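What follows is a set of notes on a single structure, which appears directly below.
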Amino acid sequence: NDQSYSMSDRSHAPLHVPGRTPAEIEEAILRVRADNPEWGAKTILKVLENNGYTDLPCIRTANNILQRNGCISKTESQKRKEFLRFQREHCNELWQTDFKGDFTLLDGTRCFPLDIIDDCSRFCLCIDAKEKAGGIIPSFESVFKEYGLPKAILSDNGGAFAGFKGGYTLFERWLMDLDILPIHGRPLHPQTQGKIERFHRTMKQEALRTTPENLAAAKKLLQDWRWRYNELRPHSALNMKT
């Protein structure tokens, strides 16, 4: 019998690609990214590893998966640059504190989150959503009872933290009575408090993508995110530990 053979070229793609990331792993990477749009490939892979996933791809491959699925913009990629980090050696040697910039809630009131982080561990000790930028001693008193006393606390020169023209605030005198050294960054030098400035950027990107209804809703939202930040989110500055 005569047989007809096509002369057109066939696909040269291999039937099996040993190095290709399994579909279920790629889906898991995209799922974590969808839940946490600000997390990069390195963080996503560490979270998957912490949750028992094995045979994960390298960071470069994970980045390619994110790019192929439209998860990474060129502008954001250019922002991610390595920089030197300076930190205290032990926990409770130094805390950093500041109010994140206030924002309007859906009911028209404003929210002033008071934040405290440990300089060494990056642990967020407190996010206290307040009606105004004041009344901070009860917040610190509660944190001291739970985590102990730090040796020093670094803040900016805001009215809640620093005295006017070299004088002392009630807050500073209270800290010194507890043998805690209050330290203030130089005016117009936010890099002195680089860790909490970075923390606030992360909070804005991850926690405040939507506006809470009222102060009670803001408190719950920020407390839920604080748990995620401390317990789930790996940190580059901690060699990808939580």
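Following the order of the structure tokens, chains are lettered A, B, ..., residues in each are numbered from 1, and ligands are numbered from 1.
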Write out as a compact mmCIF listing (two decimals) with C-alpha atoms, in the first residue's frame which residues come within 12 Å of A:Ser155 when counting only C-alpha atoms, dropping same-chain ones fewer than 2 positions away.
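File part-v1.txt, as written:
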```
# COMPACT_ATOMS: atom_id res chain seq x y z
CA LEU A 94 18.24 48.59 71.43
CA TRP A 95 14.66 49.10 70.40
CA GLN A 96 13.52 51.45 67.66
CA THR A 97 10.19 53.23 67.89
CA ASP A 98 8.15 55.70 65.88
CA PHE A 99 4.65 56.58 64.81
CA LYS A 100 3.91 55.50 61.29
CA LEU A 114 2.82 53.41 67.37
CA ASP A 115 5.43 50.80 66.42
CA ILE A 116 8.30 49.26 68.37
CA ILE A 117 10.85 46.83 66.89
CA ASP A 119 17.11 46.24 66.49
CA ALA A 152 18.18 51.90 75.05
CA ILE A 153 15.35 53.14 72.85
CA ASN A 157 12.66 64.04 67.57
CA GLY A 158 8.86 63.99 67.46
CA GLY A 159 7.04 65.72 70.29
CA ALA A 160 5.94 62.44 71.88
CA PHE A 161 9.56 61.29 72.25
CA ALA A 162 11.95 64.25 72.51
CA GLY A 163 11.95 67.41 74.60
CA PHE A 171 8.46 59.91 78.54
CA GLU A 172 12.25 60.42 78.58
CA LEU A 181 18.75 55.34 77.71
CA PRO A 182 16.61 57.45 75.32
CA ILE A 183 18.43 58.12 72.02
CA HIS A 184 17.28 60.42 69.23
CA GLY A 185 18.33 60.53 65.61
CA ARG A 186 19.62 63.77 64.13
CA PRO A 187 16.95 65.97 62.55
CA HIS A 189 18.43 62.05 59.01
CA PRO A 190 15.78 59.29 58.77
CA GLN A 191 18.52 56.79 57.84
CA THR A 192 19.45 56.71 61.55
CA GLN A 193 16.23 54.79 62.07
CA GLY A 194 16.55 52.80 58.88
CA LYS A 195 15.08 49.60 60.29
CA ILE A 196 11.81 51.09 61.47
CA GLU A 197 11.56 53.23 58.32
```
Per residue of stretch 57-169 of chain A within 9 Å of stretch 199-211 of chain A, which atom pair is closest and at what distance in Å (one decimal), using only C-alpha atoms, listed by chain and increasing number, as CSV?
```
residue,atom,partner,partner_atom,distance
A:Lys100,CA,A:His200,CA,6.2
A:Gly101,CA,A:His200,CA,8.6
A:Phe103,CA,A:Thr211,CA,8.7
A:Thr104,CA,A:Thr211,CA,7.9
A:Leu105,CA,A:Thr211,CA,6.1
A:Leu106,CA,A:Thr211,CA,6.6
A:Asp115,CA,A:His200,CA,8.6
A:Ile117,CA,A:Phe199,CA,8.5
A:Arg122,CA,A:Phe199,CA,8.8
A:Cys124,CA,A:Phe199,CA,8.9
```
Close residues, stretch 57-67 of chain A itself excluded, 6 Å, only C-alpha atoms, min 4 positions apart in chain, as an NGL selection string: :A and (41-42 or 71-72)
Selected residues written out with N, CA and C atoms, as an mmCIF file, in the first residue's frame:
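Full text of out_17.cif as output:
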```cif
data_model
loop_
_atom_site.group_PDB
_atom_site.id
_atom_site.type_symbol
_atom_site.label_atom_id
_atom_site.label_comp_id
_atom_site.auth_asym_id
_atom_site.auth_seq_id
_atom_site.Cartn_x
_atom_site.Cartn_y
_atom_site.Cartn_z
ATOM 1 N N ALA A 41 10.942 36.207 45.410
ATOM 2 C CA ALA A 41 11.167 34.773 45.220
ATOM 3 C C ALA A 41 11.878 34.138 46.415
ATOM 4 N N LYS A 42 12.879 34.823 46.952
ATOM 5 C CA LYS A 42 13.650 34.277 48.067
ATOM 6 C C LYS A 42 12.762 34.023 49.277
ATOM 7 N N CYS A 71 4.116 38.917 37.556
ATOM 8 C CA CYS A 71 4.104 39.307 38.965
ATOM 9 C C CYS A 71 5.190 40.318 39.333
ATOM 10 N N ILE A 72 6.139 40.572 38.440
ATOM 11 C CA ILE A 72 7.271 41.449 38.741
ATOM 12 C C ILE A 72 7.355 42.532 37.679
#
```
So that I can see what lies close to A:Phe112, please list as a list in words the residues with an atom at most 6 Å from it, counting only C-alpha atoms and leaving out residues fewer than 3 positions away in the same chain. Asp102, Ala129, Lys130, Glu131, Lys132 and Ala133 of chain A
Would you return as a PyMOL selection string the members of stretch 15-211 of chain A that DSSP assigns to alpha helix (DSSP H) on this structure's backbone? chain A and resi 23-35+41-50+59-68+74-79+137-147+170-177+194-206
Considering only C-alpha atoms, return as number ranges by chain whatever protein or nucleic-acid residues lie within 10 Å of A:Asp55, sequence-local ones (same chain, fewer than 2 positions apart) excluded. A: 21-22, 25, 49, 53, 57-58
Output file for the selection above: N, CA, C and O atoms, as a compact mmCIF listing (two decimals), in the first residue's frame:
```
# COMPACT_ATOMS: atom_id res chain seq x y z
N THR A 21 10.27 22.98 36.40
CA THR A 21 9.61 22.99 37.71
C THR A 21 8.24 22.33 37.60
O THR A 21 7.45 22.67 36.72
N PRO A 22 7.94 21.37 38.47
CA PRO A 22 6.61 20.71 38.43
C PRO A 22 5.49 21.73 38.54
O PRO A 22 5.62 22.76 39.23
N ILE A 25 4.44 22.81 42.05
CA ILE A 25 5.36 23.73 42.73
C ILE A 25 5.17 25.14 42.20
O ILE A 25 5.13 26.12 42.95
N GLU A 49 9.44 26.14 51.94
CA GLU A 49 10.32 25.17 52.62
C GLU A 49 9.88 24.98 54.06
O GLU A 49 9.82 23.85 54.57
N TYR A 53 7.54 21.84 51.78
CA TYR A 53 7.77 21.58 50.35
C TYR A 53 9.24 21.19 50.12
O TYR A 53 10.14 21.73 50.75
N PRO A 57 12.69 24.98 43.30
CA PRO A 57 13.66 25.52 42.34
C PRO A 57 14.56 26.54 43.00
O PRO A 57 14.35 26.96 44.15
N CYS A 58 15.60 26.98 42.28
CA CYS A 58 16.47 28.02 42.80
C CYS A 58 15.76 29.37 42.72
O CYS A 58 14.69 29.50 42.11
```
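Reported to one decimal place, the separation of atom CA of A:Leu170 from atom CA of A:Gly135 is 10.5 Å.
Atom CA of A:Cys111 to atom CA of A:Leu215 spans 6.6 Å [interatomic distance, one decimal].
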Would you give me, as a ChimeraX atom specification, the residues in stretch 131-228 of chain A that DSSP reads as strand (DSSP E)? /A:152-155,181-184
Would you mind exporting the chosen residues as a JSON list (two decimals), in the first residue's frame, restricted to all heavy atoms?
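Result written to result.json:
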```json
[["chain", "number", "residue", "atom", "x", "y", "z"],
["A", 152, "ALA", "N", 18.36, 50.58, 75.66],
["A", 152, "ALA", "CA", 18.18, 51.90, 75.05],
["A", 152, "ALA", "C", 17.03, 51.85, 74.07],
["A", 152, "ALA", "O", 16.68, 50.78, 73.54],
["A", 152, "ALA", "CB", 19.47, 52.33, 74.35],
["A", 153, "ILE", "N", 16.43, 53.01, 73.83],
["A", 153, "ILE", "CA", 15.35, 53.14, 72.85],
["A", 153, "ILE", "C", 15.69, 54.30, 71.92],
["A", 153, "ILE", "O", 15.94, 55.42, 72.36],
["A", 153, "ILE", "CB", 13.99, 53.39, 73.54],
["A", 153, "ILE", "CG1", 13.56, 52.14, 74.32],
["A", 153, "ILE", "CG2", 12.93, 53.76, 72.51],
["A", 153, "ILE", "CD1", 12.26, 52.31, 75.07],
["A", 154, "LEU", "N", 15.70, 54.01, 70.62],
["A", 154, "LEU", "CA", 16.00, 55.01, 69.60],
["A", 154, "LEU", "C", 14.70, 55.51, 68.97],
["A", 154, "LEU", "O", 13.88, 54.72, 68.53],
["A", 154, "LEU", "CB", 16.89, 54.40, 68.51],
["A", 154, "LEU", "CG", 17.15, 55.24, 67.27],
["A", 154, "LEU", "CD1", 17.91, 56.52, 67.61],
["A", 154, "LEU", "CD2", 17.93, 54.43, 66.22],
["A", 155, "SER", "N", 14.54, 56.83, 68.93],
["A", 155, "SER", "CA", 13.36, 57.43, 68.32],
["A", 155, "SER", "C", 13.79, 58.67, 67.55],
["A", 155, "SER", "O", 14.95, 59.10, 67.62],
["A", 155, "SER", "CB", 12.33, 57.81, 69.38],
["A", 155, "SER", "OG", 12.82, 58.87, 70.18],
["A", 181, "LEU", "N", 18.19, 54.15, 78.35],
["A", 181, "LEU", "CA", 18.75, 55.34, 77.71],
["A", 181, "LEU", "C", 17.90, 55.76, 76.51],
["A", 181, "LEU", "O", 17.77, 54.99, 75.55],
["A", 181, "LEU", "CB", 20.18, 55.06, 77.24],
["A", 181, "LEU", "CG", 20.87, 56.20, 76.47],
["A", 181, "LEU", "CD1", 21.08, 57.41, 77.38],
["A", 181, "LEU", "CD2", 22.21, 55.72, 75.89],
["A", 182, "PRO", "N", 17.31, 56.96, 76.51],
["A", 182, "PRO", "CA", 16.61, 57.45, 75.32],
["A", 182, "PRO", "C", 17.61, 58.06, 74.33],
["A", 182, "PRO", "O", 18.43, 58.89, 74.71],
["A", 182, "PRO", "CB", 15.66, 58.51, 75.88],
["A", 182, "PRO", "CG", 16.29, 58.98, 77.15],
["A", 182, "PRO", "CD", 17.15, 57.87, 77.66],
["A", 183, "ILE", "N", 17.54, 57.63, 73.07],
["A", 183, "ILE", "CA", 18.43, 58.12, 72.02],
["A", 183, "ILE", "C", 17.56, 58.70, 70.91],
["A", 183, "ILE", "O", 16.51, 58.14, 70.58],
["A", 183, "ILE", "CB", 19.31, 56.99, 71.46],
["A", 183, "ILE", "CG1", 20.09, 56.29, 72.57],
["A", 183, "ILE", "CG2", 20.28, 57.52, 70.41],
["A", 183, "ILE", "CD1", 20.83, 55.05, 72.10],
["A", 184, "HIS", "N", 18.03, 59.79, 70.31],
["A", 184, "HIS", "CA", 17.28, 60.42, 69.23],
["A", 184, "HIS", "C", 18.18, 60.59, 68.01],
["A", 184, "HIS", "O", 19.35, 60.96, 68.13],
["A", 184, "HIS", "CB", 16.74, 61.78, 69.66],
["A", 184, "HIS", "CG", 15.91, 61.73, 70.90],
["A", 184, "HIS", "ND1", 14.68, 61.11, 70.93],
["A", 184, "HIS", "CD2", 16.13, 62.19, 72.15],
["A", 184, "HIS", "CE1", 14.17, 61.19, 72.14],
["A", 184, "HIS", "NE2", 15.04, 61.84, 72.91]]
```
